[in-house]
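For reference, final_32.pdb (PDB, C-alpha atoms and all ligand atoms):
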```pdb
ATOM      1  CA  ASP A   8      37.787-157.538  13.145
ATOM      2  CA  PRO A   9      35.387-154.948  11.652
ATOM      3  CA  ALA A  10      37.231-152.115  13.432
ATOM      4  CA  ALA A  11      40.421-153.098  11.597
ATOM      5  CA  SER A  12      38.884-152.845   8.143
ATOM      6  CA  PHE A  13      37.038-149.648   9.057
ATOM      7  CA  VAL A  14      40.287-147.889   9.960
ATOM      8  CA  ASP A  15      42.209-149.313   6.991
ATOM      9  CA  THR A  16      39.648-148.118   4.447
ATOM     10  CA  LEU A  17      39.246-144.687   6.035
ATOM     11  CA  PRO A  18      41.106-142.172   3.814
ATOM     12  CA  LYS A  19      43.863-140.777   5.998
ATOM     13  CA  ALA A  20      46.524-138.094   5.933
ATOM     14  CA  GLU A  21      49.681-138.742   7.936
ATOM     15  CA  LEU A  22      51.340-135.492   9.017
ATOM     16  CA  HIS A  23      53.875-136.581  11.600
ATOM     17  CA  VAL A  24      56.225-139.362  10.596
ATOM     18  CA  HIS A  25      60.048-139.321  10.626
ATOM     19  CA  LEU A  26      61.414-141.216   7.621
ATOM     20  CA  GLU A  27      64.446-142.397   9.620
ATOM     21  CA  GLY A  28      61.932-143.617  12.184
ATOM     22  CA  THR A  29      60.264-145.902   9.623
ATOM     23  CA  LEU A  30      63.386-148.067   9.376
ATOM     24  CA  GLU A  31      62.249-151.655  10.039
ATOM     25  CA  PRO A  32      64.802-153.801  11.949
ATOM     26  CA  GLU A  33      65.459-156.159   9.010
ATOM     27  CA  ASP A  34      66.071-153.195   6.698
ATOM     28  CA  MET A  35      68.379-151.542   9.242
ATOM     29  CA  PHE A  36      70.509-154.703   9.267
ATOM     30  CA  ALA A  37      70.471-154.933   5.469
ATOM     31  CA  PHE A  38      71.620-151.302   5.124
ATOM     32  CA  ALA A  39      74.272-151.854   7.825
ATOM     33  CA  ALA A  40      75.653-154.879   5.987
ATOM     34  CA  ARG A  41      75.886-153.230   2.583
ATOM     35  CA  ASN A  42      77.337-150.001   4.011
ATOM     36  CA  ASP A  43      79.697-151.807   6.366
ATOM     37  CA  VAL A  44      78.295-150.059   9.466
ATOM     38  CA  ASP A  45      78.576-151.653  12.915
ATOM     39  CA  LEU A  46      75.453-151.950  15.058
ATOM     40  CA  PRO A  47      75.398-152.682  18.797
ATOM     41  CA  TRP A  48      72.701-155.372  18.342
ATOM     42  CA  ALA A  49      73.408-158.869  17.054
ATOM     43  CA  SER A  50      70.146-159.308  15.159
ATOM     44  CA  PRO A  51      66.850-157.640  14.262
ATOM     45  CA  ASP A  52      65.194-159.498  17.141
ATOM     46  CA  GLU A  53      67.803-158.216  19.585
ATOM     47  CA  LEU A  54      67.115-154.696  18.292
ATOM     48  CA  ARG A  55      63.356-155.214  18.776
ATOM     49  CA  ALA A  56      64.034-156.317  22.336
ATOM     50  CA  ALA A  57      65.732-152.932  22.889
ATOM     51  CA  TYR A  58      62.552-151.057  21.876
ATOM     52  CA  SER A  59      61.783-150.216  25.499
ATOM     53  CA  TYR A  60      62.335-146.641  26.618
ATOM     54  CA  THR A  61      62.197-144.686  29.856
ATOM     55  CA  GLY A  62      61.659-141.438  27.953
ATOM     56  CA  LEU A  63      62.498-139.417  24.849
ATOM     57  CA  ASP A  64      66.252-139.194  25.494
ATOM     58  CA  ARG A  65      66.769-142.963  25.725
ATOM     59  CA  PHE A  66      64.713-143.464  22.586
ATOM     60  CA  LEU A  67      66.691-140.821  20.680
ATOM     61  CA  GLU A  68      69.976-142.520  21.599
ATOM     62  CA  LEU A  69      68.825-145.744  19.985
ATOM     63  CA  TYR A  70      67.184-143.936  17.057
ATOM     64  CA  TYR A  71      70.291-141.891  16.170
ATOM     65  CA  ARG A  72      72.364-145.078  16.306
ATOM     66  CA  GLY A  73      69.979-146.658  13.813
ATOM     67  CA  CYS A  74      70.317-143.616  11.555
ATOM     68  CA  THR A  75      74.023-144.341  10.995
ATOM     69  CA  VAL A  76      73.158-147.134   8.536
ATOM     70  CA  LEU A  77      71.728-144.594   6.047
ATOM     71  CA  ARG A  78      74.682-143.526   3.903
ATOM     72  CA  ARG A  79      73.691-143.417   0.245
ATOM     73  CA  ARG A  80      71.091-141.895  -1.987
ATOM     74  CA  ALA A  81      69.721-145.400  -2.645
ATOM     75  CA  ASP A  82      69.206-145.911   1.116
ATOM     76  CA  PHE A  83      67.021-142.807   1.408
ATOM     77  CA  HIS A  84      65.191-143.857  -1.746
ATOM     78  CA  GLU A  85      64.439-147.397  -0.546
ATOM     79  CA  LEU A  86      63.526-146.254   2.956
ATOM     80  CA  THR A  87      60.984-143.773   1.610
ATOM     81  CA  ALA A  88      59.580-146.163  -1.001
ATOM     82  CA  ALA A  89      59.026-148.831   1.665
ATOM     83  CA  TYR A  90      57.244-146.428   4.009
ATOM     84  CA  LEU A  91      55.014-145.035   1.252
ATOM     85  CA  ARG A  92      54.051-148.578   0.149
ATOM     86  CA  ARG A  93      53.051-149.507   3.693
ATOM     87  CA  ALA A  94      51.238-146.214   4.241
ATOM     88  CA  ALA A  95      49.244-146.541   0.996
ATOM     89  CA  ALA A  96      48.245-150.082   2.003
ATOM     90  CA  GLN A  97      46.889-148.660   5.278
ATOM     91  CA  GLY A  98      44.701-146.107   3.524
ATOM     92  CA  VAL A  99      47.044-143.097   3.712
ATOM     93  CA  ARG A 100      46.351-140.761   0.760
ATOM     94  CA  ARG A 101      48.552-137.853   1.842
ATOM     95  CA  ALA A 102      51.857-138.179   3.729
ATOM     96  CA  GLU A 103      53.860-135.194   4.982
ATOM     97  CA  MET A 104      57.138-136.735   6.085
ATOM     98  CA  PHE A 105      60.083-135.449   8.098
ATOM     99  CA  VAL A 106      63.768-135.989   7.481
ATOM    100  CA  SER A 107      66.556-134.578   9.699
ATOM    101  CA  PRO A 108      69.658-133.970   7.551
ATOM    102  CA  GLN A 109      72.084-132.648  10.173
ATOM    103  CA  SER A 110      73.470-135.929  11.523
ATOM    104  CA  PHE A 111      73.773-137.325   7.989
ATOM    105  CA  LEU A 112      75.606-134.171   6.914
ATOM    106  CA  ASP A 113      78.011-134.704   9.837
ATOM    107  CA  ALA A 114      78.557-138.253   8.574
ATOM    108  CA  GLY A 115      79.460-136.898   5.132
ATOM    109  CA  VAL A 116      76.226-137.698   3.273
ATOM    110  CA  PRO A 117      75.541-134.795   0.874
ATOM    111  CA  VAL A 118      72.128-133.185   1.354
ATOM    112  CA  ALA A 119      71.450-133.639  -2.384
ATOM    113  CA  ASP A 120      71.745-137.426  -1.925
ATOM    114  CA  GLN A 121      69.488-137.435   1.144
ATOM    115  CA  LEU A 122      66.743-135.291  -0.371
ATOM    116  CA  GLY A 123      67.181-136.610  -3.918
ATOM    117  CA  GLY A 124      66.607-140.196  -2.804
ATOM    118  CA  VAL A 125      63.517-139.245  -0.812
ATOM    119  CA  LEU A 126      62.043-137.045  -3.550
ATOM    120  CA  ASP A 127      62.544-139.689  -6.273
ATOM    121  CA  ALA A 128      60.663-142.196  -4.123
ATOM    122  CA  ILE A 129      57.841-139.692  -3.547
ATOM    123  CA  ALA A 130      57.468-139.153  -7.312
ATOM    124  CA  GLU A 131      57.471-142.904  -8.046
ATOM    125  CA  ALA A 132      54.948-143.662  -5.294
ATOM    126  CA  ARG A 133      52.628-140.998  -6.671
ATOM    127  CA  THR A 134      52.574-142.926  -9.975
ATOM    128  CA  ASP A 135      52.459-146.412  -8.428
ATOM    129  CA  THR A 136      49.794-146.019  -5.718
ATOM    130  CA  GLY A 137      48.538-142.454  -6.060
ATOM    131  CA  ILE A 138      49.777-141.535  -2.579
ATOM    132  CA  ASP A 139      50.492-137.813  -2.332
ATOM    133  CA  GLY A 140      53.800-137.406  -0.489
ATOM    134  CA  ALA A 141      55.605-134.259   0.611
ATOM    135  CA  LEU A 142      58.760-133.572   2.584
ATOM    136  CA  LEU A 143      59.578-131.324   5.541
ATOM    137  CA  VAL A 144      63.059-130.897   6.994
ATOM    138  CA  ILE A 145      63.658-130.972  10.727
ATOM    139  CA  ALA A 146      66.419-129.144  12.577
ATOM    140  CA  GLN A 147      67.677-130.788  15.766
ATOM    141  CA  ARG A 148      66.976-128.662  18.810
ATOM    142  CA  HIS A 149      69.885-129.958  20.882
ATOM    143  CA  ARG A 150      72.107-128.154  18.392
ATOM    144  CA  SER A 151      72.540-124.392  18.230
ATOM    145  CA  GLU A 152      70.282-121.977  16.398
ATOM    146  CA  ALA A 153      73.320-121.025  14.279
ATOM    147  CA  GLU A 154      73.439-124.616  13.007
ATOM    148  CA  ALA A 155      69.714-124.499  12.237
ATOM    149  CA  LEU A 156      70.233-121.273  10.259
ATOM    150  CA  GLU A 157      73.145-122.891   8.437
ATOM    151  CA  LEU A 158      70.852-125.796   7.553
ATOM    152  CA  LEU A 159      68.485-123.350   5.822
ATOM    153  CA  GLU A 160      71.431-122.176   3.705
ATOM    154  CA  VAL A 161      72.352-125.763   2.801
ATOM    155  CA  LEU A 162      68.736-126.418   1.811
ATOM    156  CA  ALA A 163      68.434-123.310  -0.354
ATOM    157  CA  PRO A 164      69.033-125.103  -3.702
ATOM    158  CA  HIS A 165      66.197-127.516  -2.806
ATOM    159  CA  ARG A 166      63.747-124.926  -1.532
ATOM    160  CA  GLU A 167      61.126-125.548  -4.238
ATOM    161  CA  SER A 168      61.087-129.310  -3.550
ATOM    162  CA  LEU A 169      60.427-128.922   0.158
ATOM    163  CA  LEU A 170      57.119-128.229   1.861
ATOM    164  CA  GLY A 171      58.328-126.922   5.167
ATOM    165  CA  VAL A 172      60.639-127.099   8.139
ATOM    166  CA  GLY A 173      60.268-128.041  11.783
ATOM    167  CA  LEU A 174      62.146-128.631  15.006
ATOM    168  CA  GLY A 175      62.705-132.057  16.605
ATOM    169  CA  GLY A 176      64.945-133.928  19.022
ATOM    170  CA  ALA A 177      65.434-133.595  22.774
ATOM    171  CA  GLU A 178      62.757-131.172  23.924
ATOM    172  CA  ARG A 179      63.421-130.408  27.601
ATOM    173  CA  GLY A 180      65.784-127.485  28.021
ATOM    174  CA  ASN A 181      65.592-126.637  24.295
ATOM    175  CA  PRO A 182      62.573-124.306  24.020
ATOM    176  CA  PRO A 183      61.243-123.051  20.673
ATOM    177  CA  SER A 184      62.042-119.446  21.670
ATOM    178  CA  ARG A 185      65.713-120.332  21.240
ATOM    179  CA  PHE A 186      64.933-120.829  17.518
ATOM    180  CA  ALA A 187      62.882-117.679  16.884
ATOM    181  CA  ARG A 188      65.258-116.436  14.170
ATOM    182  CA  PHE A 189      65.304-119.880  12.539
ATOM    183  CA  PHE A 190      61.514-119.849  12.212
ATOM    184  CA  ALA A 191      61.497-116.232  11.007
ATOM    185  CA  ASP A 192      64.147-116.964   8.375
ATOM    186  CA  ALA A 193      62.352-120.141   7.248
ATOM    187  CA  ARG A 194      59.086-118.254   6.888
ATOM    188  CA  ARG A 195      60.847-115.566   4.832
ATOM    189  CA  ARG A 196      62.104-118.298   2.525
ATOM    190  CA  GLY A 197      58.553-119.558   2.015
ATOM    191  CA  TYR A 198      58.533-122.705   4.150
ATOM    192  CA  ARG A 199      55.504-123.931   6.074
ATOM    193  CA  LEU A 200      56.381-124.174   9.778
ATOM    194  CA  THR A 201      55.896-126.963  12.310
ATOM    195  CA  CYS A 202      57.528-127.595  15.679
ATOM    196  CA  HIS A 203      57.650-130.511  18.089
ATOM    197  CA  ALA A 204      56.308-129.041  21.332
ATOM    198  CA  GLY A 205      54.504-130.296  24.404
ATOM    199  CA  GLU A 206      55.754-133.870  24.058
ATOM    200  CA  GLU A 207      57.864-133.879  27.227
ATOM    201  CA  GLY A 208      58.128-130.107  27.483
ATOM    202  CA  PRO A 209      55.675-127.815  29.308
ATOM    203  CA  PRO A 210      52.679-126.006  27.771
ATOM    204  CA  GLU A 211      54.873-122.892  27.744
ATOM    205  CA  TYR A 212      56.913-124.454  24.923
ATOM    206  CA  VAL A 213      53.728-124.789  22.853
ATOM    207  CA  ARG A 214      52.990-121.090  23.486
ATOM    208  CA  GLU A 215      56.512-120.199  22.400
ATOM    209  CA  ALA A 216      56.097-122.217  19.200
ATOM    210  CA  LEU A 217      52.864-120.323  18.445
ATOM    211  CA  ASP A 218      54.660-117.044  19.156
ATOM    212  CA  CYS A 219      57.326-118.093  16.614
ATOM    213  CA  GLY A 220      54.620-118.315  13.943
ATOM    214  CA  VAL A 221      54.464-122.118  13.842
ATOM    215  CA  GLU A 222      51.406-123.319  11.888
ATOM    216  CA  ARG A 223      51.111-126.828  13.295
ATOM    217  CA  ILE A 224      52.256-128.327  16.605
ATOM    218  CA  ASP A 225      53.822-131.793  16.543
ATOM    219  CA  HIS A 226      52.494-133.662  19.617
ATOM    220  CA  GLY A 227      51.082-130.860  21.802
ATOM    221  CA  TYR A 228      50.152-133.477  24.383
ATOM    222  CA  THR A 229      50.910-131.365  27.460
ATOM    223  CA  ALA A 230      48.790-128.487  26.110
ATOM    224  CA  ALA A 231      45.705-130.530  27.038
ATOM    225  CA  GLY A 232      46.280-129.697  30.707
ATOM    226  CA  ASP A 233      46.244-125.923  30.102
ATOM    227  CA  PRO A 234      42.716-124.635  29.363
ATOM    228  CA  ALA A 235      43.864-121.172  28.242
ATOM    229  CA  LEU A 236      46.278-122.737  25.765
ATOM    230  CA  VAL A 237      43.602-125.145  24.507
ATOM    231  CA  ALA A 238      41.384-122.098  23.851
ATOM    232  CA  ARG A 239      44.222-120.387  21.990
ATOM    233  CA  LEU A 240      44.872-123.439  19.786
ATOM    234  CA  ARG A 241      41.140-123.598  19.022
ATOM    235  CA  ASP A 242      40.815-119.850  18.336
ATOM    236  CA  GLU A 243      43.945-119.678  16.161
ATOM    237  CA  GLY A 244      43.017-122.937  14.395
ATOM    238  CA  VAL A 245      46.482-124.419  14.918
ATOM    239  CA  PRO A 246      46.298-128.227  14.564
ATOM    240  CA  LEU A 247      48.070-130.801  16.730
ATOM    241  CA  THR A 248      49.711-133.849  15.135
ATOM    242  CA  MET A 249      49.310-136.323  17.987
ATOM    243  CA  CYS A 250      51.022-139.714  18.178
ATOM    244  CA  PRO A 251      49.308-142.005  20.706
ATOM    245  CA  LEU A 252      51.571-145.076  20.519
ATOM    246  CA  SER A 253      54.677-142.869  20.609
ATOM    247  CA  ASN A 254      53.392-141.079  23.708
ATOM    248  CA  LEU A 255      52.616-144.439  25.315
ATOM    249  CA  ARG A 256      56.017-146.012  24.543
ATOM    250  CA  LEU A 257      57.925-142.887  25.592
ATOM    251  CA  ARG A 258      55.936-142.731  28.823
ATOM    252  CA  VAL A 259      54.494-139.329  28.038
ATOM    253  CA  THR A 260      51.181-140.989  28.953
ATOM    254  CA  ASP A 261      50.688-144.275  30.773
ATOM    255  CA  ASP A 262      47.200-145.122  29.618
ATOM    256  CA  LEU A 263      45.548-144.528  26.229
ATOM    257  CA  SER A 264      42.080-144.911  27.779
ATOM    258  CA  THR A 265      42.496-141.378  29.152
ATOM    259  CA  TYR A 266      44.380-139.997  26.125
ATOM    260  CA  PRO A 267      43.265-136.364  25.685
ATOM    261  CA  ILE A 268      42.652-136.468  21.921
ATOM    262  CA  ALA A 269      38.862-136.880  22.253
ATOM    263  CA  ALA A 270      38.678-134.113  24.868
ATOM    264  CA  LEU A 271      40.729-131.767  22.654
ATOM    265  CA  HIS A 272      38.514-132.646  19.691
ATOM    266  CA  ASP A 273      35.388-131.868  21.757
ATOM    267  CA  ALA A 274      37.014-128.582  22.806
ATOM    268  CA  GLY A 275      37.278-127.586  19.150
ATOM    269  CA  VAL A 276      40.994-128.132  18.550
ATOM    270  CA  VAL A 277      41.954-129.675  15.171
ATOM    271  CA  VAL A 278      43.614-132.880  16.398
ATOM    272  CA  THR A 279      45.119-135.539  14.124
ATOM    273  CA  VAL A 280      46.421-139.114  14.531
ATOM    274  CA  ASN A 281      49.945-140.025  13.415
ATOM    275  CA  SER A 282      52.669-142.645  13.935
ATOM    276  CA  ASP A 283      55.908-140.649  14.594
ATOM    277  CA  ASP A 284      58.394-143.565  14.323
ATOM    278  CA  PRO A 285      56.252-146.649  13.595
ATOM    279  CA  PRO A 286      58.499-149.706  14.184
ATOM    280  CA  TYR A 287      60.099-148.075  17.216
ATOM    281  CA  PHE A 288      56.695-147.534  18.848
ATOM    282  CA  GLY A 289      54.846-150.635  17.703
ATOM    283  CA  GLY A 290      52.488-149.370  15.045
ATOM    284  CA  TYR A 291      51.808-147.555  11.787
ATOM    285  CA  VAL A 292      49.121-144.900  11.510
ATOM    286  CA  ALA A 293      46.132-147.258  11.289
ATOM    287  CA  ASP A 294      47.380-149.012  14.440
ATOM    288  CA  ASN A 295      47.434-145.621  16.153
ATOM    289  CA  TYR A 296      43.783-145.007  15.221
ATOM    290  CA  ARG A 297      42.828-148.469  16.502
ATOM    291  CA  ALA A 298      44.746-147.996  19.756
ATOM    292  CA  LEU A 299      42.514-145.052  20.667
ATOM    293  CA  GLY A 300      39.444-147.266  21.117
ATOM    294  CA  LEU A 301      37.115-144.462  20.020
ATOM    295  CA  PRO A 302      33.787-144.864  18.159
ATOM    296  CA  HIS A 303      33.896-144.991  14.354
ATOM    297  CA  PRO A 304      32.341-141.530  13.817
ATOM    298  CA  THR A 305      35.024-139.965  16.039
ATOM    299  CA  LEU A 306      37.792-141.815  14.181
ATOM    300  CA  ALA A 307      36.309-140.617  10.880
ATOM    301  CA  ALA A 308      36.283-137.015  12.160
ATOM    302  CA  LEU A 309      39.929-137.323  13.242
ATOM    303  CA  ALA A 310      40.818-138.685   9.791
ATOM    304  CA  ARG A 311      39.097-135.723   8.121
ATOM    305  CA  ASN A 312      41.078-133.440  10.427
ATOM    306  CA  GLY A 313      44.237-134.886   8.875
ATOM    307  CA  PHE A 314      43.288-133.382   5.512
ATOM    308  CA  THR A 315      42.157-130.112   7.086
ATOM    309  CA  ALA A 316      45.476-129.819   8.937
ATOM    310  CA  SER A 317      47.609-130.813   5.945
ATOM    311  CA  PHE A 318      49.628-128.261   4.008
ATOM    312  CA  ALA A 319      48.296-129.731   0.744
ATOM    313  CA  ASP A 320      46.631-127.524  -1.831
ATOM    314  CA  ASP A 321      42.839-127.227  -1.664
ATOM    315  CA  ALA A 322      42.151-129.817  -4.388
ATOM    316  CA  THR A 323      44.011-132.539  -2.483
ATOM    317  CA  VAL A 324      42.297-131.588   0.748
ATOM    318  CA  ALA A 325      38.862-131.763  -0.907
ATOM    319  CA  ALA A 326      39.646-135.167  -2.433
ATOM    320  CA  GLY A 327      40.575-136.536   0.986
ATOM    321  CA  ARG A 328      37.498-135.261   2.716
TER
HETATM  322  N1  LIG B 401      62.602-137.419  16.273
HETATM  323  C1  LIG B 401      62.055-138.596  15.973
HETATM  324  N2  LIG B 401      61.055-138.893  16.804
HETATM  325  C2  LIG B 401      60.954-137.853  17.669
HETATM  326  C3  LIG B 401      60.112-137.544  18.763
HETATM  327  N3  LIG B 401      59.143-138.377  19.163
HETATM  328  N4  LIG B 401      60.319-136.388  19.412
HETATM  329  C4  LIG B 401      61.283-135.563  19.023
HETATM  330  N5  LIG B 401      62.096-135.786  18.015
HETATM  331  C5  LIG B 401      61.934-136.922  17.333
HETATM  332 ZN    ZN B 402      58.081-136.625  15.947
END
```
Take the structure in this file and express it as structure tokens.
Amino acid sequence: DPAASFVDTLPKAELHVHLEGTLEPEDMFAFAARNDVDLPWASPDELRAAYSYTGLDRFLELYYRGCTVLRRRADFHELTAAYLRRAAAQGVRRAEMFVSPQSFLDAGVPVADQLGGVLDAIAEARTDTGIDGALLVIAQRHRSEAEALELLEVLAPHRESLLGVGLGGAERGNPPSRFARFFADARRRGYRLTCHAGEEGPPEYVREALDCGVERIDHGYTAAGDPALVARLRDEGVPLTMCPLSNLRLRVTDDLSTYPIAALHDAGVVVTVNSDDPPYFGGYVADNYRALGLPHPTLAALARNGFTASFADDATVAAGR
């Protein structure tokens, strides 16, 4: 398939991937066994059979259950190393990855173990494959803003190792405006800012994220139906990190043939292609490019957008483009 090799060799930046969401079923069972954690599925295949969701909430339930197998520094290390190996093999040169420490903190996993494992793997992968990895921390929006502010305090000793912070989790009913002080405090500390918005939530949530000073919108799907907001995203140059297979599996969209990424691109918005939680949604980043069914020049333009939208320094961005 010539399209397959075209996408695989295209230099790509992945800007929206949750490390916990890269946990392959076999690895989840291996971690569960060595950490003595119970899972509600009897086997990796039974878990795969449960990868069918009516929406974000049902997915998150399953996803958070899977997260319970990650207990030790070595788990975070191996998880990250495995993702970066797969990403490099798919032509990813730059990966800006999310991790969400709050549920692991609740489970008693020190933040230094979580971040230390991830950061060691990033450094090793840079040597092994040349992939340029970076880490952003996500606060869970179903929790309070006070907890998000507390997270910033917990992260303070690691500030220089982290690229940015964002907001993830159950979107409806948890608007970005509820986290205005979190974003302001994070900016003051020097973090780059992203926010999941417009996945299941209304365009208004995307506006609120922009009003909070967010520099990149994760998803932004529902913004496509709001021409004034599309114009604002274009004028302010705020990129969208879109995730086609995620949106399909979570029933945000029911048909990728009408996926708005090409229309947003034509409208002048910096749109990018990403995987979100690859095994859970049936594909890594190259699979997401292929699923769009767009002509090669358009796919190449979207791939270049990934470097434009990245928070990498200018040299890295130039190398990717
Ligand atoms: N965390 C992991 N995947 C997510 C998604 N698609 N939306 C919100 N939070 C998430
Ligand atoms: Zn996401």
Run the PyMOL selection byres (((chain A and resi 130-135) around 12) and not hetatm) against the file shown and list the residues it catches, as a PDB file with C-alpha atoms, in the frame of the given file.
```pdb
ATOM      1  CA  HIS A  84      65.191-143.857  -1.746  1.00  0.00           C
ATOM      2  CA  GLU A  85      64.439-147.397  -0.546  1.00  0.00           C
ATOM      3  CA  THR A  87      60.984-143.773   1.610  1.00  0.00           C
ATOM      4  CA  ALA A  88      59.580-146.163  -1.001  1.00  0.00           C
ATOM      5  CA  ALA A  89      59.026-148.831   1.665  1.00  0.00           C
ATOM      6  CA  TYR A  90      57.244-146.428   4.009  1.00  0.00           C
ATOM      7  CA  LEU A  91      55.014-145.035   1.252  1.00  0.00           C
ATOM      8  CA  ARG A  92      54.051-148.578   0.149  1.00  0.00           C
ATOM      9  CA  ARG A  93      53.051-149.507   3.693  1.00  0.00           C
ATOM     10  CA  ALA A  94      51.238-146.214   4.241  1.00  0.00           C
ATOM     11  CA  ALA A  95      49.244-146.541   0.996  1.00  0.00           C
ATOM     12  CA  ALA A  96      48.245-150.082   2.003  1.00  0.00           C
ATOM     13  CA  VAL A  99      47.044-143.097   3.712  1.00  0.00           C
ATOM     14  CA  ARG A 100      46.351-140.761   0.760  1.00  0.00           C
ATOM     15  CA  ARG A 101      48.552-137.853   1.842  1.00  0.00           C
ATOM     16  CA  ALA A 102      51.857-138.179   3.729  1.00  0.00           C
ATOM     17  CA  GLY A 123      67.181-136.610  -3.918  1.00  0.00           C
ATOM     18  CA  GLY A 124      66.607-140.196  -2.804  1.00  0.00           C
ATOM     19  CA  VAL A 125      63.517-139.245  -0.812  1.00  0.00           C
ATOM     20  CA  LEU A 126      62.043-137.045  -3.550  1.00  0.00           C
ATOM     21  CA  ASP A 127      62.544-139.689  -6.273  1.00  0.00           C
ATOM     22  CA  ALA A 128      60.663-142.196  -4.123  1.00  0.00           C
ATOM     23  CA  ILE A 129      57.841-139.692  -3.547  1.00  0.00           C
ATOM     24  CA  THR A 136      49.794-146.019  -5.718  1.00  0.00           C
ATOM     25  CA  GLY A 137      48.538-142.454  -6.060  1.00  0.00           C
ATOM     26  CA  ILE A 138      49.777-141.535  -2.579  1.00  0.00           C
ATOM     27  CA  ASP A 139      50.492-137.813  -2.332  1.00  0.00           C
ATOM     28  CA  GLY A 140      53.800-137.406  -0.489  1.00  0.00           C
ATOM     29  CA  ALA A 141      55.605-134.259   0.611  1.00  0.00           C
ATOM     30  CA  LEU A 142      58.760-133.572   2.584  1.00  0.00           C
ATOM     31  CA  SER A 168      61.087-129.310  -3.550  1.00  0.00           C
TER      32      SER A 168
END
```
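Look at Leu54 in chain A: the protein and nucleic acid residues within 10 Å of it, using only C-alpha atoms and passing over chain neighbours fewer than 4 places away, are Pro32, Glu33, Met35, Phe36, Leu46, Pro47, Trp48, Ala49, Ser50, Tyr58, Leu69, Gly73 and Tyr287 of chain A.
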Hey, could you make a per-residue contact list for chain A against ligand LIG 401 (chain B) with 8 Å as the cut-off, showing the nearest pair of atoms and its distance in Å to one decimal, counting all atoms listed in the file, sorted by chain and number, as a tab-separated table?
```
residue	atom	partner	partner_atom	distance
A:Val24	CA	B:LIG401	N2	7.9
A:His25	CA	B:LIG401	C1	5.8
A:Glu27	CA	B:LIG401	C1	7.8
A:Gly28	CA	B:LIG401	C1	6.3
A:Leu63	CA	B:LIG401	N4	6.6
A:Leu67	CA	B:LIG401	N1	6.9
A:Tyr70	CA	B:LIG401	C1	7.5
A:Gln147	CA	B:LIG401	N5	7.8
A:Leu174	CA	B:LIG401	N5	7.8
A:Gly175	CA	B:LIG401	N5	4.0
A:Gly176	CA	B:LIG401	N5	3.5
A:Ala177	CA	B:LIG401	C4	5.9
A:Glu178	CA	B:LIG401	C4	6.7
A:His203	CA	B:LIG401	C4	6.3
A:Glu206	CA	B:LIG401	N4	7.0
A:Ser253	CA	B:LIG401	N3	6.5
A:Asn254	CA	B:LIG401	N3	7.8
A:Leu257	CA	B:LIG401	N3	7.9
A:Asp283	CA	B:LIG401	N2	5.9
A:Asp284	CA	B:LIG401	N2	5.9
```
(request) Using all atoms listed in the file, pick whichever of A:Glu53, A:Asp34, A:Asp218, A:Asp192 has the shortest atom-to-atom distance to Arg239 in chain A. (result) A:Asp218
(request) Considering all atoms listed in the file, return as an MDAnalysis selection string whatever protein or nucleic-acid residues lie within 9 Å of range 103-119 of chain A, sequence-local ones (same chain, fewer than 5 positions apart) excluded. (result) chainID A and resid 20:27 71 74:75 77:80 124:125 139:147 154:155 158 161:162 164:165 170 172:173 175 317:319
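With distances taken over only C-alpha atoms and all ligand atoms, A:His226 is the one residue among A:Arg214, A:His226, A:His272, A:Arg256 lying closest to ligand ZN 402 (chain B).
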Near-range 244-249 of chain A list (6 Å; all atoms listed in the file; drop same-chain fewer than 2 positions) as a PDB file with C-alpha atoms, in the coordinates of the input:
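result-v4.pdb was written with the following content:
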```pdb
ATOM      1  CA  GLU A 222      51.406-123.319  11.888  1.00  0.00           C
ATOM      2  CA  ARG A 223      51.111-126.828  13.295  1.00  0.00           C
ATOM      3  CA  ILE A 224      52.256-128.327  16.605  1.00  0.00           C
ATOM      4  CA  ASP A 225      53.822-131.793  16.543  1.00  0.00           C
ATOM      5  CA  HIS A 226      52.494-133.662  19.617  1.00  0.00           C
ATOM      6  CA  GLY A 227      51.082-130.860  21.802  1.00  0.00           C
ATOM      7  CA  LEU A 240      44.872-123.439  19.786  1.00  0.00           C
ATOM      8  CA  ARG A 241      41.140-123.598  19.022  1.00  0.00           C
ATOM      9  CA  ASP A 242      40.815-119.850  18.336  1.00  0.00           C
ATOM     10  CA  VAL A 277      41.954-129.675  15.171  1.00  0.00           C
ATOM     11  CA  VAL A 278      43.614-132.880  16.398  1.00  0.00           C
ATOM     12  CA  THR A 279      45.119-135.539  14.124  1.00  0.00           C
ATOM     13  CA  VAL A 280      46.421-139.114  14.531  1.00  0.00           C
ATOM     14  CA  ASN A 281      49.945-140.025  13.415  1.00  0.00           C
ATOM     15  CA  ALA A 316      45.476-129.819   8.937  1.00  0.00           C
TER      16      ALA A 316
END
```
(message) Could you list, as a PyMOL selection string, every residue within 10 Å of Ala37 in chain A, counting all atoms listed in the file and ignoring same-chain residues fewer than 5 positions away?
(response) chain A and resi 31-32+42-43+51+76
(request) Please evaluate the PyMOL selection byres (((chain A and resi 270) around 12) and not hetatm) against the structure above and give the resulting residues as a list in words. (result)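 Evaluating the PyMOL selection byres (((chain A and resi 270) around 12) and not hetatm) on this file yields Tyr228, Ala230, Ala231, Gly232, Pro234, Val237, Ser264, Thr265, Tyr266, Pro267, Ile268, Ala269, Leu271, His272, Asp273, Ala274, Gly275, Val276, Val277, Val278, Leu301 and Thr305 of chain A.
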(request) Would you please work out which residue, of A:Ala235, A:Val213, A:Cys202, A:Val259, is nearest to ligand ZN 402 (chain B) when using all atoms listed in the file? (result) A:Cys202
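Counting all atoms listed in the file, the residue from A:Thr16, A:Asn312, A:Thr229, A:Gln97 that sits nearest to Gly290 in chain A is A:Gln97.
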(message) Between CA of Leu30 in chain A and CA of Ser59 in chain A, what distance in Å does the model show, to one decimal?
(response) 16.3 Å
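With CA of Arg194 in chain A on one side and CA of Leu217 in chain A on the other, the separation reads 13.3 Å.
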